[in-house]
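J.: File follows, start-v2.cif with mmCIF, N, CA, C and O atoms:
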```
data_my_file
loop_
_atom_site.label_atom_id
_atom_site.label_comp_id
_atom_site.auth_asym_id
_atom_site.auth_seq_id
_atom_site.Cartn_x
_atom_site.Cartn_y
_atom_site.Cartn_z
N MET O 17 0.81 -1.19 0.00
CA MET O 17 0.00 0.00 0.00
C MET O 17 0.85 1.25 0.00
O MET O 17 0.55 2.21 -0.69
N ALA O 18 1.94 1.26 0.77
CA ALA O 18 2.81 2.44 0.81
C ALA O 18 3.38 2.75 -0.57
O ALA O 18 3.50 3.90 -0.95
N ALA O 19 3.72 1.72 -1.30
CA ALA O 19 4.34 1.92 -2.61
C ALA O 19 3.37 2.62 -3.56
O ALA O 19 3.76 3.52 -4.29
N ARG O 20 2.13 2.24 -3.56
CA ARG O 20 1.15 2.86 -4.45
C ARG O 20 0.94 4.32 -4.08
O ARG O 20 0.88 5.19 -4.92
N ALA O 21 0.86 4.62 -2.79
CA ALA O 21 0.66 5.99 -2.34
C ALA O 21 1.88 6.85 -2.67
O ALA O 21 1.74 8.02 -2.96
N LEU O 22 3.06 6.28 -2.61
CA LEU O 22 4.26 7.04 -2.88
C LEU O 22 4.36 7.48 -4.32
O LEU O 22 4.93 8.51 -4.62
N SER O 23 3.80 6.72 -5.22
CA SER O 23 3.93 7.06 -6.63
C SER O 23 3.28 8.39 -6.98
O SER O 23 3.67 9.05 -7.92
N THR O 24 2.33 8.81 -6.19
CA THR O 24 1.64 10.06 -6.50
C THR O 24 2.31 11.27 -5.85
O THR O 24 1.97 12.39 -6.18
N THR O 25 3.26 11.05 -4.95
CA THR O 25 3.84 12.16 -4.21
C THR O 25 5.18 12.63 -4.76
O THR O 25 5.72 13.60 -4.29
N VAL O 26 5.71 11.96 -5.76
CA VAL O 26 7.03 12.30 -6.28
C VAL O 26 6.96 13.54 -7.17
O VAL O 26 6.14 13.62 -8.08
N SER O 27 7.79 14.52 -6.88
CA SER O 27 7.85 15.77 -7.64
C SER O 27 8.29 15.50 -9.07
O SER O 27 9.13 14.65 -9.33
N LYS O 28 7.75 16.25 -10.00
CA LYS O 28 8.15 16.11 -11.41
C LYS O 28 9.60 16.54 -11.62
O LYS O 28 10.23 16.14 -12.57
N GLY O 29 10.13 17.36 -10.72
CA GLY O 29 11.51 17.82 -10.82
C GLY O 29 12.54 16.85 -10.28
O GLY O 29 13.74 17.07 -10.41
N LEU O 30 12.09 15.73 -9.68
CA LEU O 30 13.01 14.75 -9.12
C LEU O 30 13.75 14.01 -10.23
O LEU O 30 13.12 13.51 -11.17
N ARG O 31 15.06 13.97 -10.17
CA ARG O 31 15.87 13.35 -11.22
C ARG O 31 16.56 12.07 -10.78
O ARG O 31 16.87 11.21 -11.61
N GLU O 32 16.82 11.91 -9.47
CA GLU O 32 17.56 10.72 -9.00
C GLU O 32 17.38 10.57 -7.50
O GLU O 32 17.28 11.55 -6.77
N LEU O 33 17.34 9.31 -7.05
CA LEU O 33 17.34 9.00 -5.62
C LEU O 33 18.55 8.14 -5.31
O LEU O 33 18.85 7.20 -6.05
N ARG O 34 19.25 8.47 -4.23
CA ARG O 34 20.36 7.65 -3.76
C ARG O 34 20.07 7.26 -2.32
O ARG O 34 19.74 8.11 -1.49
N VAL O 35 20.17 5.97 -2.04
CA VAL O 35 19.90 5.44 -0.70
C VAL O 35 21.18 4.80 -0.19
O VAL O 35 21.75 3.92 -0.84
N HIS O 36 21.64 5.26 0.97
CA HIS O 36 22.83 4.68 1.62
C HIS O 36 22.37 4.08 2.93
O HIS O 36 21.70 4.75 3.73
N MET O 37 22.75 2.84 3.19
CA MET O 37 22.40 2.20 4.46
C MET O 37 23.56 1.36 4.97
O MET O 37 24.38 0.88 4.19
N SER O 38 23.60 1.23 6.29
CA SER O 38 24.65 0.42 6.90
C SER O 38 24.17 -1.03 6.97
O SER O 38 22.99 -1.32 6.77
N GLN O 39 25.08 -1.90 7.31
CA GLN O 39 24.73 -3.31 7.42
C GLN O 39 24.19 -3.65 8.80
O GLN O 39 23.75 -4.76 9.04
N GLY O 40 24.20 -2.68 9.70
CA GLY O 40 23.76 -2.91 11.07
C GLY O 40 22.27 -2.71 11.27
O GLY O 40 21.52 -2.40 10.35
N ALA O 41 21.85 -2.83 12.53
CA ALA O 41 20.44 -2.73 12.90
C ALA O 41 19.91 -1.31 12.75
O ALA O 41 18.71 -1.11 12.63
N GLY O 42 20.77 -0.30 12.73
CA GLY O 42 20.34 1.08 12.60
C GLY O 42 19.65 1.39 11.29
O GLY O 42 18.95 2.38 11.16
N SER O 43 19.84 0.54 10.30
CA SER O 43 19.23 0.74 8.99
C SER O 43 18.02 -0.15 8.75
O SER O 43 17.48 -0.17 7.65
N GLN O 44 17.56 -0.85 9.76
CA GLN O 44 16.47 -1.81 9.55
C GLN O 44 15.19 -1.13 9.07
O GLN O 44 14.52 -1.62 8.18
N GLY O 45 14.85 0.02 9.63
CA GLY O 45 13.65 0.74 9.19
C GLY O 45 13.75 1.16 7.74
O GLY O 45 12.79 1.04 6.98
N LEU O 46 14.91 1.65 7.33
CA LEU O 46 15.14 2.04 5.94
C LEU O 46 15.05 0.82 5.03
O LEU O 46 14.43 0.86 3.97
N ARG O 47 15.66 -0.27 5.46
CA ARG O 47 15.64 -1.50 4.67
C ARG O 47 14.20 -1.99 4.48
O ARG O 47 13.79 -2.35 3.36
N ASP O 48 13.42 -1.99 5.56
CA ASP O 48 12.01 -2.41 5.47
C ASP O 48 11.22 -1.50 4.54
O ASP O 48 10.39 -1.97 3.75
N PHE O 49 11.46 -0.21 4.64
CA PHE O 49 10.78 0.75 3.77
C PHE O 49 11.11 0.49 2.30
O PHE O 49 10.22 0.47 1.45
N ILE O 50 12.37 0.26 2.00
CA ILE O 50 12.79 0.03 0.61
C ILE O 50 12.14 -1.24 0.06
O ILE O 50 11.66 -1.27 -1.08
N VAL O 51 12.11 -2.29 0.87
CA VAL O 51 11.51 -3.56 0.42
C VAL O 51 10.04 -3.35 0.05
O VAL O 51 9.57 -3.88 -0.95
N LYS O 52 9.32 -2.54 0.83
CA LYS O 52 7.90 -2.31 0.55
C LYS O 52 7.67 -1.29 -0.56
O LYS O 52 6.79 -1.47 -1.39
N ALA O 53 8.44 -0.22 -0.58
CA ALA O 53 8.14 0.90 -1.46
C ALA O 53 8.80 0.84 -2.83
O ALA O 53 8.26 1.38 -3.79
N TYR O 54 9.94 0.19 -2.95
CA TYR O 54 10.69 0.22 -4.21
C TYR O 54 9.91 -0.29 -5.42
O TYR O 54 9.90 0.38 -6.46
N PRO O 55 9.25 -1.45 -5.34
CA PRO O 55 8.55 -1.94 -6.55
C PRO O 55 7.52 -0.94 -7.09
O PRO O 55 7.48 -0.69 -8.29
N GLY O 56 6.69 -0.38 -6.23
CA GLY O 56 5.68 0.58 -6.68
C GLY O 56 6.29 1.88 -7.18
O GLY O 56 5.80 2.47 -8.13
N LEU O 57 7.34 2.31 -6.52
CA LEU O 57 8.02 3.54 -6.93
C LEU O 57 8.61 3.39 -8.33
O LEU O 57 8.45 4.27 -9.18
N LYS O 58 9.24 2.27 -8.60
CA LYS O 58 9.83 2.04 -9.94
C LYS O 58 8.74 1.81 -10.99
O LYS O 58 8.90 2.21 -12.14
N GLN O 59 7.66 1.17 -10.59
CA GLN O 59 6.58 0.94 -11.55
C GLN O 59 5.95 2.27 -11.97
O GLN O 59 5.64 2.48 -13.14
N ALA O 60 5.79 3.18 -11.02
CA ALA O 60 5.19 4.47 -11.33
C ALA O 60 6.17 5.43 -11.98
O ALA O 60 5.76 6.36 -12.67
N ASN O 61 7.47 5.22 -11.76
CA ASN O 61 8.51 6.12 -12.28
C ASN O 61 9.64 5.29 -12.89
O ASN O 61 10.76 5.28 -12.37
N PRO O 62 9.39 4.59 -14.00
CA PRO O 62 10.39 3.68 -14.55
C PRO O 62 11.68 4.35 -15.00
O PRO O 62 12.73 3.72 -15.01
N GLY O 63 11.64 5.62 -15.34
CA GLY O 63 12.85 6.31 -15.80
C GLY O 63 13.65 6.96 -14.68
O GLY O 63 14.71 7.53 -14.94
N LEU O 64 13.16 6.88 -13.45
CA LEU O 64 13.84 7.50 -12.32
C LEU O 64 14.94 6.60 -11.80
O LEU O 64 14.68 5.49 -11.35
N PRO O 65 16.21 7.05 -11.86
CA PRO O 65 17.29 6.23 -11.30
C PRO O 65 17.19 6.18 -9.78
O PRO O 65 17.05 7.21 -9.13
N VAL O 66 17.21 4.97 -9.22
CA VAL O 66 17.22 4.76 -7.78
C VAL O 66 18.44 3.91 -7.48
O VAL O 66 18.51 2.74 -7.86
N LEU O 67 19.42 4.51 -6.81
CA LEU O 67 20.67 3.83 -6.50
C LEU O 67 20.66 3.44 -5.02
O LEU O 67 20.49 4.30 -4.16
N ILE O 68 20.84 2.17 -4.74
CA ILE O 68 20.80 1.68 -3.36
C ILE O 68 22.16 1.07 -3.04
O ILE O 68 22.62 0.17 -3.74
N ARG O 69 22.78 1.58 -1.97
CA ARG O 69 24.11 1.11 -1.57
C ARG O 69 24.09 0.72 -0.11
O ARG O 69 23.54 1.42 0.73
N GLU O 70 24.73 -0.40 0.20
CA GLU O 70 24.86 -0.86 1.57
C GLU O 70 26.34 -1.04 1.88
O GLU O 70 27.07 -1.64 1.10
N ALA O 71 26.78 -0.49 3.00
CA ALA O 71 28.18 -0.62 3.42
C ALA O 71 28.23 -0.53 4.94
O ALA O 71 27.33 0.00 5.58
N SER O 72 29.29 -1.02 5.51
CA SER O 72 29.42 -0.95 6.96
C SER O 72 29.91 0.42 7.38
O SER O 72 30.72 1.05 6.70
N GLY O 73 29.37 0.90 8.49
CA GLY O 73 29.83 2.15 9.06
C GLY O 73 29.35 3.43 8.41
O GLY O 73 29.90 4.49 8.68
N VAL O 74 28.33 3.39 7.58
CA VAL O 74 27.81 4.62 6.97
C VAL O 74 26.51 5.00 7.64
O VAL O 74 25.80 4.15 8.18
N GLU O 75 26.18 6.29 7.62
CA GLU O 75 24.89 6.70 8.17
C GLU O 75 23.79 6.41 7.14
O GLU O 75 24.01 6.52 5.94
N SER O 76 22.64 6.02 7.64
CA SER O 76 21.51 5.73 6.77
C SER O 76 20.92 7.04 6.29
O SER O 76 20.55 7.89 7.10
N ARG O 77 20.83 7.22 4.97
CA ARG O 77 20.33 8.47 4.43
C ARG O 77 19.74 8.25 3.05
O ARG O 77 20.05 7.28 2.36
N ILE O 78 18.89 9.21 2.68
CA ILE O 78 18.32 9.24 1.33
C ILE O 78 18.63 10.61 0.76
O ILE O 78 18.38 11.63 1.40
N ILE O 79 19.19 10.61 -0.44
CA ILE O 79 19.55 11.86 -1.11
C ILE O 79 18.72 11.95 -2.39
O ILE O 79 18.67 11.01 -3.18
N ALA O 80 18.05 13.08 -2.54
CA ALA O 80 17.24 13.33 -3.73
C ALA O 80 17.90 14.42 -4.55
O ALA O 80 18.24 15.48 -4.01
N ARG O 81 18.09 14.15 -5.85
CA ARG O 81 18.63 15.17 -6.75
C ARG O 81 17.50 15.64 -7.64
O ARG O 81 16.79 14.85 -8.26
N PHE O 82 17.34 16.96 -7.69
CA PHE O 82 16.27 17.58 -8.47
C PHE O 82 16.85 18.27 -9.69
O PHE O 82 18.05 18.22 -9.94
N GLU O 83 15.98 18.94 -10.44
CA GLU O 83 16.42 19.72 -11.60
C GLU O 83 17.53 20.68 -11.20
O GLU O 83 17.59 21.13 -10.06
N TYR O 84 18.36 21.01 -12.17
CA TYR O 84 19.45 21.98 -12.00
C TYR O 84 20.47 21.55 -10.96
O TYR O 84 21.16 22.38 -10.39
N GLY O 85 20.55 20.25 -10.65
CA GLY O 85 21.56 19.72 -9.75
C GLY O 85 21.32 19.98 -8.28
O GLY O 85 22.18 19.72 -7.45
N LYS O 86 20.16 20.47 -7.93
CA LYS O 86 19.85 20.75 -6.53
C LYS O 86 19.62 19.44 -5.78
O LYS O 86 18.90 18.57 -6.26
N GLU O 87 20.25 19.30 -4.59
CA GLU O 87 20.13 18.07 -3.81
C GLU O 87 19.61 18.37 -2.41
O GLU O 87 19.92 19.40 -1.84
N ARG O 88 18.82 17.42 -1.89
CA ARG O 88 18.37 17.45 -0.51
C ARG O 88 18.63 16.09 0.10
O ARG O 88 18.51 15.07 -0.59
N LYS O 89 18.98 16.07 1.40
CA LYS O 89 19.33 14.82 2.07
C LYS O 89 18.59 14.71 3.39
O LYS O 89 18.39 15.71 4.08
N ILE O 90 18.17 13.49 3.71
CA ILE O 90 17.63 13.21 5.03
C ILE O 90 18.42 12.06 5.64
O ILE O 90 18.84 11.14 4.94
N VAL O 91 18.64 12.11 6.94
CA VAL O 91 19.31 11.04 7.67
C VAL O 91 18.24 10.26 8.40
O VAL O 91 17.40 10.84 9.10
N VAL O 92 18.24 8.94 8.21
CA VAL O 92 17.18 8.09 8.75
C VAL O 92 17.71 6.97 9.63
O VAL O 92 17.10 5.91 9.72
N ASP O 93 18.82 7.21 10.31
CA ASP O 93 19.37 6.22 11.25
C ASP O 93 18.37 5.93 12.35
O ASP O 93 17.75 6.84 12.90
N ASP O 94 18.21 4.67 12.68
CA ASP O 94 17.40 4.21 13.81
C ASP O 94 15.94 4.65 13.75
O ASP O 94 15.30 4.82 14.79
N LEU O 95 15.39 4.84 12.57
CA LEU O 95 13.97 5.16 12.43
C LEU O 95 13.19 3.92 12.03
O LEU O 95 13.73 2.99 11.42
N THR O 96 11.91 3.91 12.33
CA THR O 96 11.05 2.81 11.88
C THR O 96 10.71 3.02 10.40
O THR O 96 10.90 4.12 9.86
N ALA O 97 10.18 2.00 9.77
CA ALA O 97 9.80 2.11 8.36
C ALA O 97 8.75 3.20 8.16
O ALA O 97 8.78 3.94 7.18
N GLY O 98 7.82 3.34 9.11
CA GLY O 98 6.80 4.38 9.01
C GLY O 98 7.40 5.78 9.10
O GLY O 98 6.99 6.68 8.37
N ASP O 99 8.37 5.95 10.00
CA ASP O 99 9.04 7.26 10.12
C ASP O 99 9.84 7.58 8.86
O ASP O 99 9.87 8.72 8.41
N VAL O 100 10.49 6.55 8.31
CA VAL O 100 11.25 6.75 7.07
C VAL O 100 10.30 7.17 5.95
O VAL O 100 10.60 8.09 5.19
N GLU O 101 9.14 6.53 5.88
CA GLU O 101 8.17 6.89 4.84
C GLU O 101 7.72 8.34 4.96
O GLU O 101 7.64 9.06 3.96
N GLN O 102 7.45 8.80 6.17
CA GLN O 102 7.04 10.20 6.37
C GLN O 102 8.13 11.16 5.90
O GLN O 102 7.85 12.14 5.21
N GLN O 103 9.37 10.88 6.29
CA GLN O 103 10.47 11.76 5.89
C GLN O 103 10.70 11.70 4.39
O GLN O 103 11.00 12.71 3.75
N PHE O 104 10.55 10.51 3.81
CA PHE O 104 10.73 10.34 2.37
C PHE O 104 9.68 11.15 1.61
O PHE O 104 10.00 11.83 0.64
N ARG O 105 8.44 11.09 2.05
CA ARG O 105 7.36 11.85 1.40
C ARG O 105 7.70 13.34 1.38
O ARG O 105 7.53 14.01 0.36
N ALA O 106 8.16 13.85 2.53
CA ALA O 106 8.50 15.27 2.60
C ALA O 106 9.68 15.60 1.67
O ALA O 106 9.70 16.66 1.05
N LEU O 107 10.62 14.69 1.56
CA LEU O 107 11.81 14.91 0.73
C LEU O 107 11.47 15.00 -0.75
O LEU O 107 11.93 15.89 -1.44
N VAL O 108 10.65 14.08 -1.24
CA VAL O 108 10.43 13.98 -2.68
C VAL O 108 9.16 14.67 -3.18
O VAL O 108 8.93 14.73 -4.37
N SER O 109 8.37 15.21 -2.28
CA SER O 109 7.11 15.80 -2.71
C SER O 109 7.28 17.19 -3.33
O SER O 109 6.41 17.67 -4.03
N SER O 110 8.39 17.83 -3.05
CA SER O 110 8.60 19.17 -3.57
C SER O 110 10.08 19.36 -3.89
O SER O 110 10.94 18.81 -3.21
N ASP O 111 10.37 20.14 -4.92
CA ASP O 111 11.77 20.38 -5.26
C ASP O 111 12.24 21.71 -4.71
O ASP O 111 13.24 22.27 -5.15
N LYS O 112 11.55 22.27 -3.74
CA LYS O 112 11.93 23.55 -3.14
C LYS O 112 12.98 23.38 -2.09
O LYS O 112 13.12 22.41 -1.46
#
```
Could you render the structure as structure tokens?

T.:
Amino acid sequence: MAARALSTTVSKGLRELRVHMSQGAGSQGLRDFIVKAYPGLKQANPGLPVLIREASGVESRIIARFEYGKERKIVVDDLTAGDVEQQFRALVSSDK
């Protein structure tokens, strides 16, 4: 359900999403969110590059690149999947 709702909130100016997560428990909420939301997000936005990287010792974050190279970042360490979804919606809903 989250994936379908997310497809309508993505700004037309969004050009790329980058997801960085650690291999530890601090990224579990982000990992759960990606598992649920990624299929619907890609189905609704097939041309949108979504890069997902996992490494040890990195902070969990989502970086959105908009038109004209403008970027916004959110840090989602130790958040639940629901909290990650709320922050993600705010990140990608507007390119301001």

J.: I'd like the interatomic distance between atom CA of Glu75 of chain O and atom CA of His36 of chain O, to a tenth of an Å.

T.: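 Taking atom CA of Glu75 of chain O as the start and atom CA of His36 of chain O as the end point, the length is 7.2 Å.
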
J.: Quick one: of O:Asp48, O:Glu70, O:Glu83, O:Asp99, who's nearest to Leu30 of chain O, counting only C-alpha atoms?

T.: O:Glu83

J.: Taking into account only C-alpha atoms, which residue in the set O:Val35, O:Val26, O:Ala71, O:Ala41 is nearest to Lys89 of chain O?

T.: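 Smallest separation from Lys89 of chain O among the options: O:Val35.
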
J.: Have a look at O:Ala80, O:Val91, O:Ile50, O:Ala60 and name the one nearest to Val108 of chain O; count only C-alpha atoms.

T.: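 Once distances to Val108 of chain O are computed over only C-alpha atoms, the minimum belongs to O:Ala80.
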
J.: Could you pull out the strand (DSSP E or B) residues of segment 55-108 of chain O, going by DSSP on the backbone, and write them as a list in words?

T.: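 Taking segment 55-108 of chain O and keeping strand (DSSP E or B) only, one gets Val66, Leu67, Ile68, Arg69, Glu70, Arg77, Ile78, Ile79, Ala80, Arg81, Phe82, Glu87, Arg88, Lys89, Ile90 and Val91 of chain O.
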
J.: First collect every listed atom of segment 71-77 of chain O; then fit an axis-aligned box around them, widen it by 4 Å on each side, and give centre and edge lengths in Å to one decimal, as AutoDock Vina command-line options.

T.:
```
--center_x 25.2 --center_y 3.7 --center_z 5.7 --size_x 19.0 --size_y 17.5 --size_z 14.7
```

J.: Tell me, as an MDAnalysis selection string, which residues lie within 8 Å of Val100 of chain O, counting only C-alpha atoms; anything in the same chain fewer than 3 positions away does not count.

T.: chainID O and resid 45:46 49 92 95:97 103:104

J.: To one decimal place in Å, what is the distance between atom CA of Ile79 of chain O and atom CA of Asn61 of chain O?

T.: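 Computed distance, atom CA of Ile79 of chain O to atom CA of Asn61 of chain O, equals 16.7 Å.
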